[in-house]
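Raw contents of model.tsv, TSV, C-alpha atoms:
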```
chain	number	residue	atom	x	y	z
G	1	MET	CA	-21.32	8.93	-36.28
G	2	GLN	CA	-18.79	9.73	-33.57
G	3	HIS	CA	-20.28	8.67	-30.22
G	4	PRO	CA	-19.12	10.39	-27.03
G	5	ASN	CA	-17.46	7.79	-24.81
G	6	LYS	CA	-19.17	6.52	-21.67
G	7	ASP	CA	-17.16	8.84	-19.44
G	8	ARG	CA	-18.62	11.86	-21.25
G	9	LEU	CA	-22.16	10.45	-21.00
G	10	ILE	CA	-21.74	9.81	-17.26
G	11	GLU	CA	-20.39	13.35	-16.78
G	12	PHE	CA	-23.35	14.69	-18.77
G	13	TYR	CA	-25.82	12.68	-16.68
G	14	TYR	CA	-24.41	14.05	-13.43
G	15	SER	CA	-24.03	17.61	-14.83
G	16	GLU	CA	-20.25	17.45	-14.45
G	17	ALA	CA	-19.50	18.17	-18.11
G	18	ASN	CA	-18.41	21.67	-19.07
G	19	ASP	CA	-20.80	23.80	-21.13
G	20	LEU	CA	-19.19	23.05	-24.46
G	21	GLU	CA	-19.10	19.30	-23.82
G	22	ALA	CA	-22.67	19.30	-22.49
G	23	LYS	CA	-23.92	21.08	-25.64
G	24	ARG	CA	-22.04	18.60	-27.82
G	25	VAL	CA	-23.50	15.58	-25.99
G	26	PHE	CA	-26.99	17.12	-26.00
G	27	LYS	CA	-26.82	17.68	-29.75
G	28	HIS	CA	-25.57	14.13	-30.28
G	29	LEU	CA	-28.39	12.67	-28.19
G	30	GLN	CA	-31.01	14.19	-30.47
G	31	SER	CA	-29.92	11.88	-33.24
G	32	CYS	CA	-28.47	8.86	-31.43
G	33	ASN	CA	-30.75	6.27	-29.94
G	34	ASP	CA	-27.89	4.13	-28.60
G	35	CYS	CA	-26.50	6.89	-26.39
G	36	LEU	CA	-29.98	7.93	-25.37
G	37	GLU	CA	-30.72	4.36	-24.38
G	38	TYR	CA	-27.53	4.25	-22.30
G	39	LEU	CA	-28.63	7.37	-20.43
G	40	ASN	CA	-32.08	5.88	-19.92
G	41	THR	CA	-30.48	2.76	-18.46
G	42	LEU	CA	-28.36	4.92	-16.19
G	43	ASP	CA	-31.44	6.80	-15.08
G	44	HIS	CA	-33.40	3.60	-14.52
G	45	ILE	CA	-30.66	1.94	-12.47
G	46	THR	CA	-29.95	5.01	-10.33
G	47	GLY	CA	-33.71	5.31	-9.81
G	48	GLN	CA	-33.71	1.75	-8.46
G	49	LEU	CA	-30.75	2.55	-6.21
G	50	ASP	CA	-32.80	5.31	-4.60
G	51	HIS	CA	-34.94	2.61	-2.98
G	52	PHE	CA	-32.05	1.97	-0.58
G	53	VAL	CA	-33.06	4.96	1.49
G	54	ASN	CA	-30.98	6.70	4.10
G	55	GLN	CA	-31.24	5.60	7.70
G	56	THR	CA	-30.35	7.46	10.87
G	57	PRO	CA	-27.81	6.43	13.50
G	58	SER	CA	-28.94	6.05	17.09
G	59	GLU	CA	-29.35	9.27	19.01
G	60	ASP	CA	-26.81	8.46	21.70
G	61	THR	CA	-23.91	8.09	19.24
G	62	PHE	CA	-22.46	11.51	19.97
G	63	ASP	CA	-22.52	10.82	23.72
G	64	LEU	CA	-20.69	7.54	23.11
G	65	ILE	CA	-18.07	9.38	21.06
G	66	MET	CA	-17.58	11.89	23.88
G	67	LYS	CA	-17.17	8.99	26.32
G	68	ASP	CA	-14.50	7.46	24.05
G	69	ILE	CA	-12.72	10.79	23.89
G	70	GLU	CA	-12.69	11.19	27.65
G	71	VAL	CA	-11.30	7.68	28.18
G	72	VAL	CA	-8.26	8.16	25.92
G	73	PRO	CA	-5.67	10.45	27.55
G	74	LEU	CA	-4.92	13.41	25.31
G	75	LYS	CA	-1.20	13.74	25.85
G	76	ASN	CA	-0.48	10.38	24.20
G	77	THR	CA	-2.56	11.09	21.20
G	78	TYR	CA	-2.18	14.63	20.04
G	79	LYS	CA	0.54	16.42	21.99
G	80	LYS	CA	3.96	15.40	20.86
G	81	GLU	CA	6.73	15.81	23.40
G	82	LEU	CA	9.33	18.30	22.21
G	83	PHE	CA	12.25	16.32	23.59
G	84	SER	CA	12.56	12.67	24.35
G	85	VAL	CA	15.59	10.65	25.42
G	86	LEU	CA	14.16	7.46	23.99
G	87	PRO	CA	15.58	7.90	20.44
G	88	PHE	CA	19.05	8.53	21.90
G	89	ILE	CA	18.85	5.41	24.06
G	90	ARG	CA	17.84	3.44	20.97
G	91	ILE	CA	20.79	4.82	18.98
G	92	VAL	CA	23.24	3.95	21.77
G	93	ILE	CA	21.82	0.42	22.02
G	94	PHE	CA	22.10	0.02	18.24
G	95	ILE	CA	25.75	1.20	18.22
G	96	LEU	CA	26.60	-1.17	21.10
G	97	PHE	CA	24.94	-4.00	19.22
G	98	VAL	CA	26.95	-3.27	16.05
G	99	LEU	CA	30.23	-3.06	18.03
G	100	ALA	CA	29.45	-6.36	19.76
G	101	ALA	CA	28.71	-7.96	16.39
G	102	LEU	CA	32.00	-6.59	14.98
G	103	HIS	CA	33.94	-7.95	17.92
G	104	PHE	CA	32.29	-11.35	17.67
G	105	CYS	CA	32.83	-11.63	13.90
G	106	GLN	CA	36.47	-10.53	13.99
G	107	GLY	CA	37.07	-13.16	16.69
G	108	TRP	CA	35.76	-15.80	14.30
G	109	LEU	CA	37.66	-14.36	11.37
G	110	THR	CA	41.06	-14.51	13.07
G	111	ILE	CA	40.74	-18.21	13.87
G	112	LEU	CA	39.93	-19.17	10.28
G	113	PRO	CA	42.81	-20.60	8.16
G	114	LEU	CA	41.85	-18.03	5.52
G	115	TRP	CA	42.98	-15.23	7.84
G	116	GLU	CA	46.56	-16.54	7.81
G	117	VAL	CA	46.56	-16.29	4.01
G	118	ILE	CA	45.02	-12.86	3.59
G	119	ARG	CA	46.75	-11.10	6.50
G	120	GLU	CA	49.91	-10.86	4.39
G	121	TYR	CA	48.25	-8.37	2.05
G	122	ARG	CA	49.05	-4.71	2.58
G	123	ILE	CA	45.40	-3.58	2.53
G	124	ILE	CA	44.44	-6.16	5.19
G	125	GLN	CA	47.36	-5.03	7.35
G	126	VAL	CA	46.05	-1.46	7.09
G	127	LEU	CA	42.44	-2.40	7.84
G	128	GLY	CA	43.13	-4.97	10.52
G	129	SER	CA	40.59	-7.66	11.44
G	130	TYR	CA	38.08	-5.08	12.78
G	131	GLY	CA	38.39	-2.95	9.66
G	132	LEU	CA	37.87	-5.92	7.35
G	133	VAL	CA	34.74	-7.05	9.21
G	134	ALA	CA	33.42	-3.46	9.18
G	135	VAL	CA	33.93	-3.26	5.39
G	136	VAL	CA	32.15	-6.60	4.91
G	137	PHE	CA	29.29	-5.37	7.13
G	138	PHE	CA	29.04	-2.15	5.14
G	139	ILE	CA	28.93	-3.93	1.76
G	140	PHE	CA	26.44	-6.51	3.00
G	141	GLY	CA	24.28	-3.82	4.67
G	142	SER	CA	24.26	-1.67	1.52
G	143	PHE	CA	23.28	-4.66	-0.58
G	144	VAL	CA	20.35	-5.57	1.73
G	145	THR	CA	19.17	-1.95	1.99
G	146	LEU	CA	19.23	-1.43	-1.78
G	147	SER	CA	17.39	-4.71	-2.29
G	148	ILE	CA	14.50	-3.89	0.02
G	149	THR	CA	14.20	-0.16	-0.66
G	150	PRO	CA	11.80	-0.51	-3.63
G	151	VAL	CA	9.52	-2.67	-1.47
G	152	LEU	CA	9.61	-0.20	1.42
G	153	LEU	CA	8.89	2.72	-0.88
G	154	MET	CA	5.81	1.09	-2.23
G	155	ASP	CA	3.12	0.73	0.41
G	156	SER	CA	0.63	-2.00	-0.23
G	157	GLU	CA	-2.18	0.35	-1.27
G	158	ARG	CA	-0.08	1.99	-3.96
G	159	LEU	CA	1.04	-1.42	-5.12
G	160	LYS	CA	-2.54	-2.57	-5.34
G	161	ASN	CA	-3.44	0.51	-7.40
G	162	MET	CA	-0.54	-0.14	-9.74
G	163	ILE	CA	-1.59	-3.73	-10.21
G	164	ARG	CA	-5.14	-2.61	-10.82
G	165	GLN	CA	-4.03	-0.13	-13.44
G	166	VAL	CA	-1.75	-2.62	-15.14
G	167	CYS	CA	-4.29	-5.43	-15.18
G	168	ASN	CA	-7.20	-2.99	-15.57
G	169	TYR	CA	-9.30	-5.56	-13.64
G	170	GLY	CA	-11.21	-6.40	-16.79
G	171	GLU	CA	-12.66	-2.92	-16.87
G	172	THR	CA	-13.60	-1.48	-20.22
G	173	LYS	CA	-13.68	2.20	-21.07
A	1	MET	CA	-21.28	19.56	27.54
A	2	GLU	CA	-21.52	22.80	25.62
A	3	THR	CA	-24.71	23.50	23.71
A	4	ILE	CA	-24.55	24.48	20.07
A	5	ASN	CA	-24.43	28.22	19.59
A	6	PRO	CA	-26.48	29.25	16.50
A	7	ASN	CA	-23.46	31.22	15.24
A	8	ILE	CA	-21.46	28.01	15.06
A	9	LEU	CA	-23.86	26.56	12.53
A	10	THR	CA	-23.02	29.29	10.01
A	11	ARG	CA	-19.28	28.64	10.21
A	12	SER	CA	-17.44	26.67	7.56
A	13	ASP	CA	-16.19	23.15	8.24
A	14	GLU	CA	-12.60	24.37	8.18
A	15	GLU	CA	-13.29	27.09	10.76
A	16	LEU	CA	-14.99	24.55	12.99
A	17	MET	CA	-12.03	22.22	12.63
A	18	GLN	CA	-9.70	24.93	13.90
A	19	HIS	CA	-11.82	25.08	17.05
A	20	VAL	CA	-11.93	21.30	17.31
A	21	ALA	CA	-8.12	21.30	17.25
A	22	GLU	CA	-8.34	23.58	20.28
A	23	ARG	CA	-10.62	20.98	21.93
A	24	ASN	CA	-13.90	22.82	21.47
A	25	THR	CA	-16.66	20.23	21.90
A	26	ALA	CA	-19.44	22.56	20.66
A	27	SER	CA	-17.70	22.91	17.27
A	28	PHE	CA	-17.12	19.17	17.25
A	29	LYS	CA	-20.80	18.54	17.87
A	30	ALA	CA	-21.75	20.96	15.10
A	31	LEU	CA	-19.49	19.08	12.68
A	32	TYR	CA	-20.91	15.77	13.86
A	33	LYS	CA	-24.48	16.95	13.30
A	34	ARG	CA	-23.53	18.21	9.86
A	35	TYR	CA	-22.05	14.90	8.71
A	36	GLU	CA	-23.52	12.10	10.86
A	37	LEU	CA	-26.11	11.08	8.28
A	38	ALA	CA	-23.70	11.18	5.34
A	39	ILE	CA	-21.02	9.16	7.09
A	40	PHE	CA	-23.44	6.70	8.66
A	41	ASN	CA	-25.10	5.98	5.33
A	42	LEU	CA	-21.79	5.80	3.51
A	43	ILE	CA	-20.66	3.05	5.88
A	44	LEU	CA	-24.06	1.36	5.96
A	45	LYS	CA	-24.22	1.13	2.18
A	46	TYR	CA	-20.65	-0.10	2.00
A	47	THR	CA	-20.98	-2.76	4.69
A	48	GLY	CA	-24.69	-3.53	4.64
A	49	ASP	CA	-24.58	-3.89	8.42
A	50	LYS	CA	-26.32	-1.33	10.59
A	51	SER	CA	-24.62	-2.09	13.89
A	52	LEU	CA	-21.20	-2.10	12.24
A	53	ALA	CA	-22.04	1.23	10.59
A	54	GLN	CA	-22.94	2.57	14.03
A	55	ASP	CA	-19.59	1.45	15.50
A	56	LEU	CA	-17.55	2.75	12.58
A	57	LEU	CA	-19.34	6.11	12.64
A	58	GLN	CA	-18.32	6.39	16.28
A	59	GLU	CA	-14.73	5.41	15.46
A	60	THR	CA	-14.55	7.88	12.58
A	61	PHE	CA	-15.51	10.86	14.71
A	62	THR	CA	-13.32	9.74	17.58
A	63	ARG	CA	-10.42	9.69	15.16
A	64	ILE	CA	-11.40	13.12	13.81
A	65	TRP	CA	-11.20	14.51	17.34
A	66	PHE	CA	-7.75	13.12	18.00
A	67	ALA	CA	-6.38	13.90	14.54
A	68	ALA	CA	-7.86	17.41	14.38
A	69	HIS	CA	-4.44	19.04	14.80
A	70	SER	CA	-3.16	17.24	11.70
A	71	PHE	CA	-5.91	18.58	9.44
A	72	ASN	CA	-4.45	21.09	6.99
A	73	GLN	CA	-7.01	23.01	4.98
A	74	GLU	CA	-4.39	24.00	2.42
A	75	LYS	CA	-4.12	20.35	1.44
A	76	GLY	CA	-7.83	19.91	0.86
A	77	ARG	CA	-11.37	20.38	2.12
A	78	PHE	CA	-12.56	18.97	5.42
A	79	LYS	CA	-15.30	16.98	3.71
A	80	THR	CA	-12.78	15.12	1.55
A	81	TRP	CA	-10.61	14.44	4.58
A	82	LEU	CA	-13.55	13.14	6.61
A	83	PHE	CA	-14.77	10.85	3.83
A	84	THR	CA	-11.23	9.53	3.34
A	85	ILE	CA	-10.96	8.66	7.03
A	86	ALA	CA	-14.41	7.05	7.13
A	87	LEU	CA	-13.71	5.00	4.03
A	88	ASN	CA	-10.29	3.89	5.24
A	89	ILE	CA	-11.70	2.82	8.61
A	90	THR	CA	-14.49	0.91	6.87
A	91	LYS	CA	-12.15	-0.82	4.42
A	92	SER	CA	-9.74	-1.71	7.17
A	93	GLU	CA	-12.54	-3.21	9.29
A	94	MET	CA	-13.92	-5.17	6.35
A	95	SER	CA	-10.51	-6.64	5.54
A	96	LYS	CA	-9.95	-7.47	9.21
A	97	LYS	CA	-13.17	-9.39	9.48
A	98	GLN	CA	-12.62	-11.14	6.16
A	99	TYR	CA	-16.02	-10.45	4.72
A	100	SER	CA	-16.84	-8.46	1.68
A	101	TYR	CA	-20.38	-7.39	2.43
A	102	PHE	CA	-22.55	-8.45	5.33
A	103	TYR	CA	-25.89	-8.71	3.64
A	104	GLN	CA	-28.75	-8.55	6.06
A	105	GLU	CA	-32.35	-9.32	5.45
A	106	ILE	CA	-34.51	-6.24	5.87
A	107	SER	CA	-36.29	-6.37	9.15
A	108	GLU	CA	-39.60	-4.78	10.00
A	109	LYS	CA	-37.60	-2.28	12.09
A	110	ASP	CA	-35.57	-1.13	9.08
A	111	PHE	CA	-38.76	-0.97	7.13
A	112	THR	CA	-40.40	1.43	9.56
A	113	GLU	CA	-37.22	3.48	9.96
A	114	ALA	CA	-37.11	4.09	6.24
A	115	GLY	CA	-40.37	6.00	6.54
A	116	LEU	CA	-42.31	3.44	4.56
A	117	GLU	CA	-44.81	3.05	7.34
A	118	GLU	CA	-46.37	6.25	6.12
A	119	MET	CA	-47.37	4.51	2.96
A	120	ASP	CA	-51.09	4.18	2.53
A	121	GLU	CA	-52.31	1.16	4.44
A	122	LYS	CA	-54.87	0.60	1.75
A	123	MET	CA	-52.00	-0.25	-0.58
A	124	PRO	CA	-50.37	-3.26	1.05
A	125	ASP	CA	-49.20	-4.54	-2.35
A	126	ALA	CA	-47.29	-1.36	-3.08
A	127	ARG	CA	-45.75	-1.62	0.35
A	128	MET	CA	-44.63	-5.20	-0.28
A	129	VAL	CA	-43.26	-4.29	-3.70
A	130	ASN	CA	-41.20	-1.52	-2.12
A	131	ILE	CA	-39.72	-3.94	0.40
A	132	GLU	CA	-38.91	-6.35	-2.41
A	133	ILE	CA	-37.23	-3.67	-4.52
A	134	ARG	CA	-35.21	-2.51	-1.55
A	135	LYS	CA	-34.09	-6.06	-0.82
A	136	HIS	CA	-33.02	-6.53	-4.43
A	137	VAL	CA	-31.13	-3.25	-4.51
A	138	ARG	CA	-29.23	-4.15	-1.35
A	139	PHE	CA	-28.49	-7.57	-2.73
A	140	ALA	CA	-27.36	-6.14	-6.08
A	141	LEU	CA	-25.04	-3.72	-4.26
A	142	SER	CA	-23.65	-6.58	-2.21
A	143	ARG	CA	-22.72	-8.42	-5.41
A	144	LEU	CA	-20.46	-5.60	-6.58
A	145	GLU	CA	-16.71	-5.64	-5.98
A	146	PRO	CA	-15.86	-3.21	-3.15
A	147	PHE	CA	-14.05	-0.80	-5.48
A	148	MET	CA	-17.16	-0.59	-7.67
A	149	ARG	CA	-19.54	-0.30	-4.73
A	150	GLU	CA	-17.47	2.52	-3.33
A	151	VAL	CA	-17.73	4.62	-6.49
A	152	ILE	CA	-21.50	4.04	-6.75
A	153	ILE	CA	-21.99	5.06	-3.13
A	154	LEU	CA	-19.80	8.15	-3.31
A	155	ARG	CA	-21.11	9.38	-6.67
A	156	HIS	CA	-24.77	8.46	-6.46
A	157	TYR	CA	-25.69	8.38	-2.79
A	158	GLN	CA	-23.23	10.96	-1.46
A	159	GLN	CA	-23.46	13.17	-4.56
A	160	LEU	CA	-19.71	13.76	-4.68
A	161	LYS	CA	-18.06	14.79	-7.93
A	162	PHE	CA	-15.67	12.39	-9.60
A	163	SER	CA	-12.82	14.82	-8.90
A	164	GLU	CA	-13.63	14.65	-5.16
A	165	ILE	CA	-13.92	10.85	-5.26
A	166	ALA	CA	-10.53	10.76	-7.01
A	167	GLN	CA	-9.02	12.64	-4.07
A	168	ILE	CA	-10.73	10.45	-1.49
A	169	THR	CA	-9.83	7.14	-3.06
A	170	ASN	CA	-6.49	8.25	-4.57
A	171	THR	CA	-7.59	6.88	-7.93
A	172	PRO	CA	-7.56	8.62	-11.35
A	173	GLU	CA	-10.90	10.06	-12.48
A	174	GLY	CA	-10.86	8.03	-15.70
A	175	THR	CA	-10.54	4.79	-13.73
A	176	LEU	CA	-13.42	5.83	-11.46
A	177	LYS	CA	-15.73	6.57	-14.39
A	178	SER	CA	-14.78	3.27	-15.94
A	179	ARG	CA	-15.62	1.49	-12.67
A	180	PHE	CA	-18.89	3.39	-12.43
A	181	HIS	CA	-19.85	2.33	-15.95
A	182	ARG	CA	-18.98	-1.29	-15.18
A	183	ALA	CA	-20.89	-1.18	-11.89
A	184	ILE	CA	-23.98	0.16	-13.67
A	185	LEU	CA	-23.85	-2.71	-16.16
A	186	LEU	CA	-23.55	-5.25	-13.33
A	187	LEU	CA	-26.38	-3.63	-11.38
A	188	LYS	CA	-28.49	-3.71	-14.52
A	189	GLU	CA	-27.75	-7.43	-14.82
A	190	HIS	CA	-28.69	-8.08	-11.18
A	191	LEU	CA	-31.75	-5.87	-11.20
A	192	THR	CA	-33.21	-7.02	-14.52
A	193	GLY	CA	-34.54	-10.21	-12.97
A	194	MET	CA	-36.19	-8.09	-10.33
A	195	ASP	CA	-37.89	-5.92	-12.95
A	196	LYS	CA	-39.28	-9.01	-14.66
A	197	SER	CA	-40.66	-10.57	-11.47
A	198	TYR	CA	-42.03	-7.19	-10.44
A	199	ALA	CA	-43.78	-6.84	-13.80
A	200	THR	CA	-45.34	-10.30	-13.57
A	201	SER	CA	-46.56	-9.68	-10.03
A	202	LYS	CA	-48.42	-6.53	-11.06
```
Could I get this file's structure written as structure tokens?
Amino acid sequence: MQHPNKDRLIEFYYSEANDLEAKRVFKHLQSCNDCLEYLNTLDHITGQLDHFVNQTPSEDTFDLIMKDIEVVPLKNTYKKELFSVLPFIRIVIFILFVLAALHFCQGWLTILPLWEVIREYRIIQVLGSYGLVAVVFFIFGSFVTLSITPVLLMDSERLKNMIRQVCNYGETK
Amino acid sequence: METINPNILTRSDEELMQHVAERNTASFKALYKRYELAIFNLILKYTGDKSLAQDLLQETFTRIWFAAHSFNQEKGRFKTWLFTIALNITKSEMSKKQYSYFYQEISEKDFTEAGLEEMDEKMPDARMVNIEIRKHVRFALSRLEPFMREVIILRHYQQLKFSEIAQITNTPEGTLKSRFHRAILLLKEHLTGMDKSYATSK
């Protein structure tokens, strides 16, 4: 005898099965004590759960919410400013920081004995010490960005869900 | 504060949300009245702590007020959005406080609030049995893993369909049904002892 799986029985119990599926399960139940017993268990347990009755929150909750709302200034929370200079200031600071880093690193590079060896090459003569440091920065930056991108793309919740699905948490269908 | 106009009560959640986005407190109050019990009991059953449920209910609706402009009815129903926010706030608070379920003994106050005081005074045994069952149910719920408790609460107590729960929790329906099945088996395990002791006491 082909038993409907537990998902179908749960859907049937909560009237979520479509008509065809519901008729199929109903017909099956007339001749299957195991499935009928499962539904009885479900009914018994959910009946027990009903003893944890609903309670009501205190009556002043809404007033407290309104107080909270009045305390928080609206403009910071829901009205976005159309134009802000802050991002531009941040970009300028970032560019200055990168230029300073380039200057510092090329200073170090030119005092290394290695520089005397490699400066003879045509490509190094074209790039210059600043160009070489910029290329190294670019390669290093690309490497770091590509390494951490998968981690950034996956927020922790999605990661948790993936792990759950892979490990299945010992759940059985 | 504005009083609730009877016409407001006939409006859909989504219509009310449009008004809330325009800072209409009467619509906000109507929405609150519509969902306070559901959200309060969702949090209460998840955390097992009444005062925490009270605080998180407050936080949920405060967040609804401030995030009203970001609600997009084309992306989904208001109810699903509200439950998602309430559940996220609750989960975040539970992880912050590093406890999985704050199980509280049932006080006489809870007992009267649940309406059990109306039970016939000539039946003190029945009254005691009800308190015992309620204690056991709360304890059995507290033993469940949060992801199992959440599906039991949303499906059984909140009467949401599995498809709605899937949207709220961002989990496939099949996984939810599997969790529900597993949770029922665990509850059966925890509540069987109760049935036996209840039967012997009768």
Exercise for review: Could you please select, counting all atoms listed in the file, the residues of chain G within 6 Å of chain A and state them as a ChimeraX atom specification?
Suggested key: /G:7,51-52,65,173
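One distance worth recording is that between atom CA of G:Thr110 and atom CA of G:Ser129, which is 7.1 Å.
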Could you work out an axis-aligned bounding box for all listed atoms of stretch 101-120 of chain G, with 8 Å added on each of the six sides, and give its centre and edge lengths in Å to one decimal, as lines of an AutoDock Vina configuration file?
```
center_x = 39.3
center_y = -13.6
center_z = 10.8
size_x = 37.2
size_y = 30.0
size_z = 30.3
```
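Using only C-alpha atoms, the residues found no farther than 9 Å from stretch 31-37 of chain G, other than those of its own chain fewer than 4 positions away, are G:Met1, G:His3, G:Pro4, G:Lys6, G:Leu9, G:Lys27, G:Thr41, G:Leu42.
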Point to revise | Using all atoms listed in the file: which of A:Glu189, A:Glu145, A:Glu15, A:Glu164 has the shortest distance to G:Glu16 | key: A:Glu164
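Between atom CA of G:Asp68 and atom CA of A:Asp13 the separation is 22.3 Å.
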Review point. What does the distance from atom CA of A:Leu144 to atom CA of A:Lys91 come to in Å, to one decimal?
Key: 14.6 Å
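With distances restricted to only C-alpha atoms, G:Ile10 is the closest residue to G:Asn40 from G:Val98, G:Ala134, G:Leu146, G:Ile10.
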